[in-house]
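**Q** Sharing protein26.txt, compact mmCIF, C-alpha atoms:
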```
# COMPACT_ATOMS: atom_id res chain seq x y z
CA MET A 27 -121.51 2.78 -100.19
CA ASN A 28 -119.49 -0.31 -100.41
CA GLU A 29 -116.42 1.68 -99.51
CA ASN A 30 -118.06 2.98 -96.32
CA LYS A 31 -119.09 -0.50 -95.28
CA LYS A 32 -115.58 -1.80 -95.76
CA THR A 33 -114.12 1.09 -93.81
CA LEU A 34 -116.58 0.57 -90.96
CA LYS A 35 -115.91 -3.14 -90.88
CA LYS A 36 -112.20 -2.53 -90.82
CA GLU A 37 -112.54 -0.05 -87.96
CA LYS A 38 -114.58 -2.57 -85.93
CA HIS A 39 -111.96 -5.22 -86.57
CA ASN A 40 -109.17 -2.88 -85.49
CA GLN A 41 -111.10 -1.95 -82.39
CA LYS A 42 -111.54 -5.63 -81.48
CA GLU A 43 -107.83 -6.21 -82.03
CA LYS A 44 -106.99 -3.29 -79.75
CA ILE A 45 -109.34 -4.63 -77.06
CA LYS A 46 -107.76 -8.08 -77.43
CA VAL A 47 -104.24 -6.68 -77.20
CA LYS A 48 -105.19 -4.60 -74.18
CA LYS A 49 -106.70 -7.66 -72.48
CA GLU A 50 -103.55 -9.64 -73.18
CA GLU A 51 -101.43 -6.84 -71.77
CA ASN A 52 -103.65 -6.64 -68.71
CA ASN A 53 -103.38 -10.40 -68.24
CA LYS A 54 -99.62 -10.24 -68.63
CA GLN A 55 -99.42 -7.43 -66.09
CA LYS A 56 -101.71 -9.34 -63.75
CA ASN A 57 -99.66 -12.52 -64.12
CA LYS A 58 -96.49 -10.53 -63.57
CA SER A 59 -97.93 -9.06 -60.38
CA ILE A 60 -99.02 -12.51 -59.22
CA ASN A 61 -95.55 -13.91 -59.91
CA ILE A 62 -93.94 -11.03 -57.99
CA GLU A 63 -96.28 -11.64 -55.07
CA LYS A 64 -95.47 -15.36 -55.17
CA LYS A 65 -91.74 -14.61 -55.20
CA ASN A 66 -92.09 -12.17 -52.31
CA LEU A 67 -94.16 -14.68 -50.37
CA LYS A 68 -91.66 -17.44 -51.07
CA LYS A 69 -88.79 -15.16 -50.06
CA LYS A 70 -90.60 -14.20 -46.87
CA ASN A 71 -91.30 -17.83 -46.07
CA GLY A 72 -87.65 -18.62 -46.76
CA GLU A 73 -86.53 -15.84 -44.45
CA ASN A 74 -88.88 -17.06 -41.74
CA GLU A 75 -87.59 -20.56 -42.21
CA ASN A 76 -84.00 -19.35 -42.05
CA THR A 77 -84.82 -17.32 -38.96
CA GLU A 78 -86.39 -20.37 -37.33
CA ASN A 79 -83.40 -22.49 -38.32
CA ASN A 80 -81.05 -19.86 -36.97
CA LYS A 81 -83.02 -19.82 -33.72
CA ASN A 82 -82.81 -23.60 -33.50
CA ILE A 83 -79.08 -23.51 -34.23
CA HIS A 84 -78.60 -20.75 -31.64
CA ASN A 85 -80.59 -22.69 -29.05
CA LYS A 86 -78.61 -25.85 -29.80
CA ARG A 87 -75.35 -23.94 -29.49
CA LYS A 88 -76.52 -22.33 -26.25
CA SER A 89 -77.57 -25.71 -24.86
CA SER A 90 -74.25 -27.19 -25.97
CA ASP A 91 -72.35 -24.32 -24.34
CA ILE A 92 -74.26 -24.84 -21.08
CA ASN A 93 -73.48 -28.55 -21.15
CA ASN A 94 -69.83 -27.86 -21.89
CA ASN A 95 -69.69 -25.33 -19.05
CA ASN A 96 -71.25 -27.87 -16.68
CA LYS A 97 -68.71 -30.46 -17.79
CA ASN A 98 -65.87 -27.99 -17.38
CA ASN A 99 -67.18 -27.04 -13.92
CA LYS A 100 -67.18 -30.70 -12.97
CA LYS A 101 -63.70 -31.17 -14.38
CA THR A 102 -62.37 -28.04 -12.71
CA LYS A 103 -63.94 -28.69 -9.34
CA VAL A 104 -61.94 -26.83 -6.73
CA ILE A 105 -60.16 -28.97 -4.14
CA SER A 106 -59.56 -27.31 -0.79
CA GLU A 107 -56.01 -27.04 0.54
CA LYS A 108 -57.02 -29.19 3.51
CA ASN A 109 -58.18 -31.98 1.20
CA LYS A 110 -54.91 -31.69 -0.71
CA LEU A 111 -53.07 -32.12 2.59
CA LEU A 112 -55.16 -35.17 3.50
CA GLU A 113 -54.56 -36.68 0.05
CA GLY A 114 -50.79 -36.19 0.30
CA LYS A 115 -50.69 -33.54 -2.43
CA ILE A 116 -48.79 -30.25 -2.43
CA TYR A 117 -50.83 -27.66 -0.55
CA ASP A 118 -50.57 -24.04 0.54
CA PHE A 119 -49.43 -23.75 4.15
CA ASN A 120 -50.83 -20.19 4.30
CA ASP A 121 -54.38 -21.28 3.41
CA GLU A 122 -56.95 -19.63 5.68
CA GLU A 123 -58.69 -22.88 6.68
CA LEU A 124 -55.43 -24.60 7.58
CA THR A 125 -54.22 -21.52 9.45
CA GLN A 126 -57.41 -21.51 11.55
CA ASN A 127 -57.00 -25.24 12.22
CA ARG A 128 -53.46 -24.69 13.51
CA ILE A 129 -54.57 -21.79 15.71
CA LYS A 130 -57.35 -23.94 17.17
CA CYS A 131 -54.86 -26.72 17.92
CA ARG A 132 -52.40 -24.29 19.56
CA LYS A 133 -55.12 -22.93 21.81
CA LEU A 134 -56.02 -26.44 22.96
CA LEU A 135 -52.34 -27.29 23.46
CA LYS A 136 -51.82 -24.15 25.52
CA LYS A 137 -54.65 -25.14 27.84
CA PHE A 138 -53.38 -28.73 28.00
CA ASN A 139 -49.76 -27.73 28.67
CA ASN A 140 -50.84 -25.39 31.48
CA LEU A 141 -53.01 -27.90 33.34
CA GLU A 142 -52.23 -28.85 36.93
CA PRO A 143 -50.17 -32.07 37.04
CA ASP A 144 -52.91 -33.97 38.90
CA ASP A 145 -55.85 -32.74 36.78
CA ASN A 146 -56.26 -36.06 34.95
CA VAL A 147 -59.93 -35.51 34.03
CA LYS A 148 -59.25 -32.34 32.04
CA ARG A 149 -56.05 -33.83 30.63
CA GLU A 150 -57.97 -36.74 29.10
CA LYS A 151 -60.67 -34.36 27.87
CA TYR A 152 -58.18 -32.16 25.99
CA LEU A 153 -56.29 -35.12 24.51
CA LYS A 154 -59.52 -36.42 22.98
CA LYS A 155 -60.15 -32.97 21.51
CA ILE A 156 -56.61 -32.61 20.14
CA PHE A 157 -55.93 -36.05 18.63
CA LYS A 158 -57.78 -38.07 16.01
CA LYS A 159 -57.78 -41.14 18.27
CA VAL A 160 -56.13 -41.99 21.60
CA GLY A 161 -55.86 -45.30 23.42
CA LYS A 162 -56.04 -46.15 27.10
CA ASN A 163 -53.48 -45.10 29.71
CA LEU A 164 -51.81 -42.48 27.55
CA GLU A 165 -49.29 -40.37 29.46
CA ILE A 166 -47.95 -37.13 28.03
CA VAL A 167 -45.52 -34.94 29.95
CA PRO A 168 -46.00 -31.31 28.90
CA PRO A 169 -45.19 -29.38 26.91
CA LEU A 170 -46.45 -31.12 23.77
CA TYR A 171 -46.39 -29.51 20.31
CA CYS A 172 -48.21 -30.48 17.10
CA ASP A 173 -49.67 -28.78 14.02
CA TYR A 174 -53.27 -30.00 13.70
CA GLY A 175 -53.83 -32.98 15.98
CA TRP A 176 -56.57 -34.50 13.81
CA ASN A 177 -53.91 -36.43 11.89
CA ILE A 178 -52.50 -38.22 14.97
CA THR A 179 -53.52 -41.67 16.25
CA ILE A 180 -51.89 -43.08 19.42
CA GLY A 181 -52.44 -46.60 20.82
CA ASP A 182 -52.72 -47.93 24.38
CA CYS A 183 -50.18 -47.47 27.19
CA CYS A 184 -47.90 -45.00 25.42
CA THR A 185 -45.69 -42.36 27.05
CA LEU A 186 -44.53 -39.12 25.42
CA HIS A 187 -42.02 -37.25 27.57
CA THR A 188 -41.50 -33.52 27.71
CA ASN A 189 -40.96 -31.46 24.53
CA THR A 190 -42.33 -34.06 22.14
CA VAL A 191 -42.97 -32.50 18.71
CA ILE A 192 -45.35 -34.03 16.14
CA LEU A 193 -45.75 -32.13 12.88
CA ASP A 194 -48.79 -33.98 11.56
CA CYS A 195 -49.15 -32.58 8.04
CA ALA A 196 -49.72 -36.23 7.10
CA GLU A 197 -51.05 -39.10 9.21
CA VAL A 198 -48.93 -40.09 12.19
CA THR A 199 -49.83 -43.47 13.67
CA ILE A 200 -48.26 -44.80 16.87
CA GLY A 201 -48.93 -48.36 18.07
CA ASN A 202 -49.31 -49.72 21.61
CA ASN A 203 -46.75 -49.60 24.43
CA CYS A 204 -44.40 -47.07 22.82
CA LEU A 205 -42.05 -44.90 24.87
CA PHE A 206 -40.69 -41.56 23.64
CA SER A 207 -37.89 -39.94 25.65
CA PRO A 208 -37.67 -36.13 26.00
CA GLY A 209 -37.23 -34.06 22.86
CA CYS A 210 -38.35 -36.63 20.29
CA GLN A 211 -39.58 -35.28 16.97
CA LEU A 212 -41.94 -36.90 14.45
CA ILE A 213 -41.79 -34.76 11.31
CA ALA A 214 -44.39 -35.75 8.70
CA VAL A 215 -44.00 -32.62 6.58
CA THR A 216 -41.46 -31.84 3.87
CA GLN A 217 -40.76 -29.10 1.33
CA THR A 218 -40.50 -29.07 -2.45
CA LEU A 219 -37.05 -28.86 -4.05
CA ASP A 220 -37.99 -25.75 -6.01
CA TYR A 221 -37.02 -22.65 -4.00
CA LYS A 222 -39.79 -20.50 -5.52
CA SER A 223 -42.39 -23.03 -4.44
CA ARG A 224 -40.95 -23.07 -0.91
CA GLN A 225 -41.06 -19.26 -0.76
CA SER A 226 -44.75 -19.31 -1.66
CA GLY A 227 -45.61 -21.59 1.28
CA LYS A 228 -46.05 -24.79 -0.73
CA GLU A 229 -45.36 -28.06 1.11
CA TYR A 230 -46.62 -31.62 1.39
CA GLY A 231 -46.70 -34.44 3.91
CA LYS A 232 -45.63 -38.08 4.06
CA PRO A 233 -47.20 -40.37 6.68
CA ILE A 234 -45.26 -41.83 9.61
CA LYS A 235 -46.22 -45.23 10.99
CA ILE A 236 -44.78 -46.75 14.17
CA GLY A 237 -45.51 -50.29 15.36
CA ASN A 238 -45.93 -51.70 18.89
CA ASP A 239 -43.47 -51.87 21.81
CA CYS A 240 -40.97 -49.36 20.41
CA PHE A 241 -38.49 -47.23 22.38
CA PHE A 242 -37.08 -43.88 21.21
CA GLY A 243 -34.07 -42.34 22.93
CA ALA A 244 -33.90 -38.63 23.75
CA GLY A 245 -33.77 -36.32 20.74
CA SER A 246 -34.69 -38.99 18.20
CA ILE A 247 -35.96 -37.61 14.88
CA ILE A 248 -38.34 -39.55 12.64
CA CYS A 249 -38.44 -38.14 9.11
CA PRO A 250 -41.37 -37.90 6.65
CA GLY A 251 -42.57 -41.17 5.13
CA VAL A 252 -40.80 -43.48 7.62
CA THR A 253 -42.39 -46.75 8.75
CA ILE A 254 -41.02 -48.46 11.88
CA GLY A 255 -41.99 -52.02 12.79
CA ASP A 256 -42.66 -53.65 16.18
CA ARG A 257 -40.16 -53.78 19.10
CA VAL A 258 -37.72 -51.35 17.47
CA ILE A 259 -35.21 -49.37 19.57
CA VAL A 260 -34.01 -46.02 18.24
CA GLY A 261 -30.95 -44.62 20.01
CA ALA A 262 -30.72 -41.10 21.41
CA GLY A 263 -30.10 -38.44 18.77
CA THR A 264 -30.75 -40.85 15.89
CA VAL A 265 -32.29 -39.58 12.67
CA VAL A 266 -34.48 -42.17 10.92
```
Would you give me this structure, written as structure tokens?
**A**
Amino acid sequence: MNENKKTLKKEKHNQKEKIKVKKEENNKQKNKSINIEKKNLKKKNGENENTENNKNIHNKRKSSDINNNNKNNKKTKVISEKNKLLEGKIYDFNDEELTQNRIKCRKLLKKFNNLEPDDNVKREKYLKKIFKKVGKNLEIVPPLYCDYGWNITIGDCCTLHTNTVILDCAEVTIGNNCLFSPGCQLIAVTQTLDYKSRQSGKEYGKPIKIGNDCFFGAGSIICPGVTIGDRVIVGAGTVV
């Protein structure tokens, strides 16, 4: 009897131990699952955070690239060949805008050169269209030749005799009371020293400035960049 009681008691104890062990194992498994879920959640949050950071970095880089492009666009702003000419820089003679400007000037010159000798009204009208600025009592004996016209300023009471040539690829300024004999040339354009550059149509201008009360003999040539003062006499065929 006593033996049976002891055996039964022992079995109950063992059963309790088994239940306890099983509970502990279940708790361990549950804790393990919870830890795994926490790790996964943390990893997911980390990935989301990294993704957000990457987005922010990407957006910053994109914004920086846009700003850099805008800066580069400002730095590399294209200057027209006409502006280069006006600024005294090397320009392309074959540029479309400059070519059209020369054609326009030639058309006006053709009409001017073919006017009747006594058609003073139209003569004055065309001179104002051709030149940048003209003074009073300007007399020009046709034919006259120039490149653009809008780079030429002529003062009061000047006379330009037949076959005057003004290559105004830079500003040409003539004062008051100047007399130019037939065949005078004012050449404000020059070429680069490099032959390849010349072949490509590259050139540049240097301004010519002439004072008041000057006289130029027949066939005088005024070179690029020359400045002539007041009351100067240039003999026939002279190169200045």
**Q** Taking all atoms listed in the file into account, name the residue in A:Asn120, A:Asn238, A:Asn109, A:Asn146 that is nearest to A:Ile254.
**A** A:Asn238
**Q** Would you kindly return, as a PyMOL selection string, each protein, DNA or RNA residue with an atom no farther than 8 Å from any atom of A:Phe206, considering only C-alpha atoms and excluding same-chain residues fewer than 4 positions away?
**A** chain A and resi 185-187+190+210+241-244
**Q** Considering only C-alpha atoms, can you say which of A:Cys204, A:Tyr221, A:Pro169, A:Lys235 comes closest to A:Arg257?
**A**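 Using only C-alpha atoms, A:Arg257 sits closest to A:Cys204.
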**Q** Contacts of A:Ile156 at 8 Å or less, counting only C-alpha atoms, minus same-chain residues fewer than 5 places along, as a list in words?
**A**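 The residues satisfying every condition are Cys131, Leu134, Leu135, Tyr174, Gly175 and Trp176 of chain A.
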**Q** With distances taken over all atoms listed in the file, which of A:Gly114, A:Gly263, A:Lys222, A:Pro143 is nearest to A:Gly251?
**A**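 Of the candidates, the smallest distance to A:Gly251 is held by A:Gly114.
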**Q** Hey, can you pull every residue with an atom no more than 12 Å from (-60.2, -37.7, 28.9), using all atoms listed in the file, and send it as a compact mmCIF listing (two decimals) with C-alpha atoms, in the frame of the given file?
**A**
```txt
# COMPACT_ATOMS: atom_id res chain seq x y z
CA PHE A 138 -53.38 -28.73 28.00
CA ASP A 145 -55.85 -32.74 36.78
CA ASN A 146 -56.26 -36.06 34.95
CA VAL A 147 -59.93 -35.51 34.03
CA LYS A 148 -59.25 -32.34 32.04
CA ARG A 149 -56.05 -33.83 30.63
CA GLU A 150 -57.97 -36.74 29.10
CA LYS A 151 -60.67 -34.36 27.87
CA TYR A 152 -58.18 -32.16 25.99
CA LEU A 153 -56.29 -35.12 24.51
CA LYS A 154 -59.52 -36.42 22.98
CA LYS A 155 -60.15 -32.97 21.51
CA ILE A 156 -56.61 -32.61 20.14
CA PHE A 157 -55.93 -36.05 18.63
CA LYS A 159 -57.78 -41.14 18.27
CA VAL A 160 -56.13 -41.99 21.60
CA GLY A 161 -55.86 -45.30 23.42
CA LYS A 162 -56.04 -46.15 27.10
CA ASN A 163 -53.48 -45.10 29.71
CA LEU A 164 -51.81 -42.48 27.55
CA GLU A 165 -49.29 -40.37 29.46
```
**Q** Please, what distance in Å, to one decimal, runs between atom CA of A:Pro208 and atom CA of A:Lys133?
**A**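 We find that atom CA of A:Pro208 and atom CA of A:Lys133 lie 22.3 Å from each other.
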**Q** Between A:Lys115, A:Ile259, A:Cys184, A:Asp121, which one has atoms that come closest to A:Val215, using all atoms listed in the file?
**A** A:Lys115
**Q** Please measure the separation of atom CA of A:Cys195 and atom CA of A:Glu122, giving the value in Å to one decimal.
**A** 15.3 Å
**Q** Record the distance separating atom CA of A:Ile247 and atom CA of A:Thr264, expressed in Å with one decimal.
**A** 6.2 Å
**Q** Residues near A:Lys110, anyone? I mean within 12 Å using only C-alpha atoms, not counting same-chain ones fewer than 3 positions away, as a list of chain:residue names.
**A**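 With the cut-off at 12 Å, the set is A:Val104, A:Ile105, A:Ser106, A:Glu107, A:Glu113, A:Gly114, A:Lys115, A:Ile116, A:Tyr117, A:Asp118, A:Phe119, A:Asp121, A:Leu124, A:Cys195, A:Ala196, A:Lys228, A:Glu229, A:Tyr230, A:Gly231.
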**Q** Of the candidates A:Arg128, A:Lys137, A:Lys158, A:Arg224, which shows the shortest atom-to-atom distance to A:Cys172, using only C-alpha atoms?
**A**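 Closest to A:Cys172 of all the choices is A:Arg128.
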**Q** Using only C-alpha atoms, which of A:Ser207, A:Ser226, A:Asn177, A:Leu112 sits nearest A:Val260?
**A** A:Ser207
**Q** Could you give me, as a list in words, the residues that have an atom at most 10 Å away from the point (-39.8, -40.2, 10.9) in the coordinates of the file, using all atoms listed in the file?
**A**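 Collected hits near the coordinates: Ile192, Val198, Gln211, Leu212, Ile213, Ala214, Val215, Lys232, Pro233, Ile234, Lys235, Ile236, Ser246, Ile247, Ile248, Cys249, Pro250, Gly251, Val252, Thr253, Ile254, Val265 and Val266 of chain A.
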**Q** Could you give me stretch 145-156 of chain A completed to N, CA, C and O atoms, formatted as a PDB file, keeping the file's coordinate frame?
**A**
```pdb
ATOM      1  N   ASP A 145     -54.506 -32.944  37.356  1.00  0.00           N
ATOM      2  CA  ASP A 145     -55.850 -32.740  36.780  1.00  0.00           C
ATOM      3  C   ASP A 145     -56.062 -33.718  35.613  1.00  0.00           C
ATOM      4  O   ASP A 145     -56.106 -33.334  34.440  1.00  0.00           O
ATOM      5  N   ASN A 146     -56.192 -35.003  35.968  1.00  0.00           N
ATOM      6  CA  ASN A 146     -56.260 -36.060  34.950  1.00  0.00           C
ATOM      7  C   ASN A 146     -57.555 -36.023  34.133  1.00  0.00           C
ATOM      8  O   ASN A 146     -57.567 -36.425  32.965  1.00  0.00           O
ATOM      9  N   VAL A 147     -58.637 -35.551  34.745  1.00  0.00           N
ATOM     10  CA  VAL A 147     -59.930 -35.510  34.030  1.00  0.00           C
ATOM     11  C   VAL A 147     -59.852 -34.545  32.845  1.00  0.00           C
ATOM     12  O   VAL A 147     -60.212 -34.889  31.711  1.00  0.00           O
ATOM     13  N   LYS A 148     -59.375 -33.335  33.117  1.00  0.00           N
ATOM     14  CA  LYS A 148     -59.250 -32.340  32.040  1.00  0.00           C
ATOM     15  C   LYS A 148     -58.186 -32.754  31.028  1.00  0.00           C
ATOM     16  O   LYS A 148     -58.308 -32.505  29.832  1.00  0.00           O
ATOM     17  N   ARG A 149     -57.120 -33.384  31.519  1.00  0.00           N
ATOM     18  CA  ARG A 149     -56.050 -33.830  30.630  1.00  0.00           C
ATOM     19  C   ARG A 149     -56.597 -34.792  29.561  1.00  0.00           C
ATOM     20  O   ARG A 149     -56.343 -34.637  28.369  1.00  0.00           O
ATOM     21  N   GLU A 150     -57.377 -35.764  30.028  1.00  0.00           N
ATOM     22  CA  GLU A 150     -57.970 -36.740  29.100  1.00  0.00           C
ATOM     23  C   GLU A 150     -58.958 -36.065  28.153  1.00  0.00           C
ATOM     24  O   GLU A 150     -59.031 -36.390  26.962  1.00  0.00           O
ATOM     25  N   LYS A 151     -59.693 -35.095  28.674  1.00  0.00           N
ATOM     26  CA  LYS A 151     -60.670 -34.360  27.870  1.00  0.00           C
ATOM     27  C   LYS A 151     -59.983 -33.616  26.726  1.00  0.00           C
ATOM     28  O   LYS A 151     -60.426 -33.671  25.565  1.00  0.00           O
ATOM     29  N   TYR A 152     -58.890 -32.932  27.028  1.00  0.00           N
ATOM     30  CA  TYR A 152     -58.180 -32.160  25.990  1.00  0.00           C
ATOM     31  C   TYR A 152     -57.501 -33.075  24.979  1.00  0.00           C
ATOM     32  O   TYR A 152     -57.458 -32.775  23.787  1.00  0.00           O
ATOM     33  N   LEU A 153     -56.949 -34.200  25.427  1.00  0.00           N
ATOM     34  CA  LEU A 153     -56.290 -35.120  24.510  1.00  0.00           C
ATOM     35  C   LEU A 153     -57.273 -35.679  23.476  1.00  0.00           C
ATOM     36  O   LEU A 153     -56.936 -35.850  22.305  1.00  0.00           O
ATOM     37  N   LYS A 154     -58.492 -35.935  23.915  1.00  0.00           N
ATOM     38  CA  LYS A 154     -59.520 -36.420  22.980  1.00  0.00           C
ATOM     39  C   LYS A 154     -59.916 -35.336  21.974  1.00  0.00           C
ATOM     40  O   LYS A 154     -60.295 -35.631  20.841  1.00  0.00           O
ATOM     41  N   LYS A 155     -59.837 -34.078  22.413  1.00  0.00           N
ATOM     42  CA  LYS A 155     -60.150 -32.970  21.510  1.00  0.00           C
ATOM     43  C   LYS A 155     -59.016 -32.727  20.505  1.00  0.00           C
ATOM     44  O   LYS A 155     -59.251 -32.371  19.356  1.00  0.00           O
ATOM     45  N   ILE A 156     -57.779 -32.920  20.973  1.00  0.00           N
ATOM     46  CA  ILE A 156     -56.610 -32.610  20.140  1.00  0.00           C
ATOM     47  C   ILE A 156     -56.363 -33.697  19.099  1.00  0.00           C
ATOM     48  O   ILE A 156     -56.192 -33.389  17.902  1.00  0.00           O
TER      49      ILE A 156
END
```
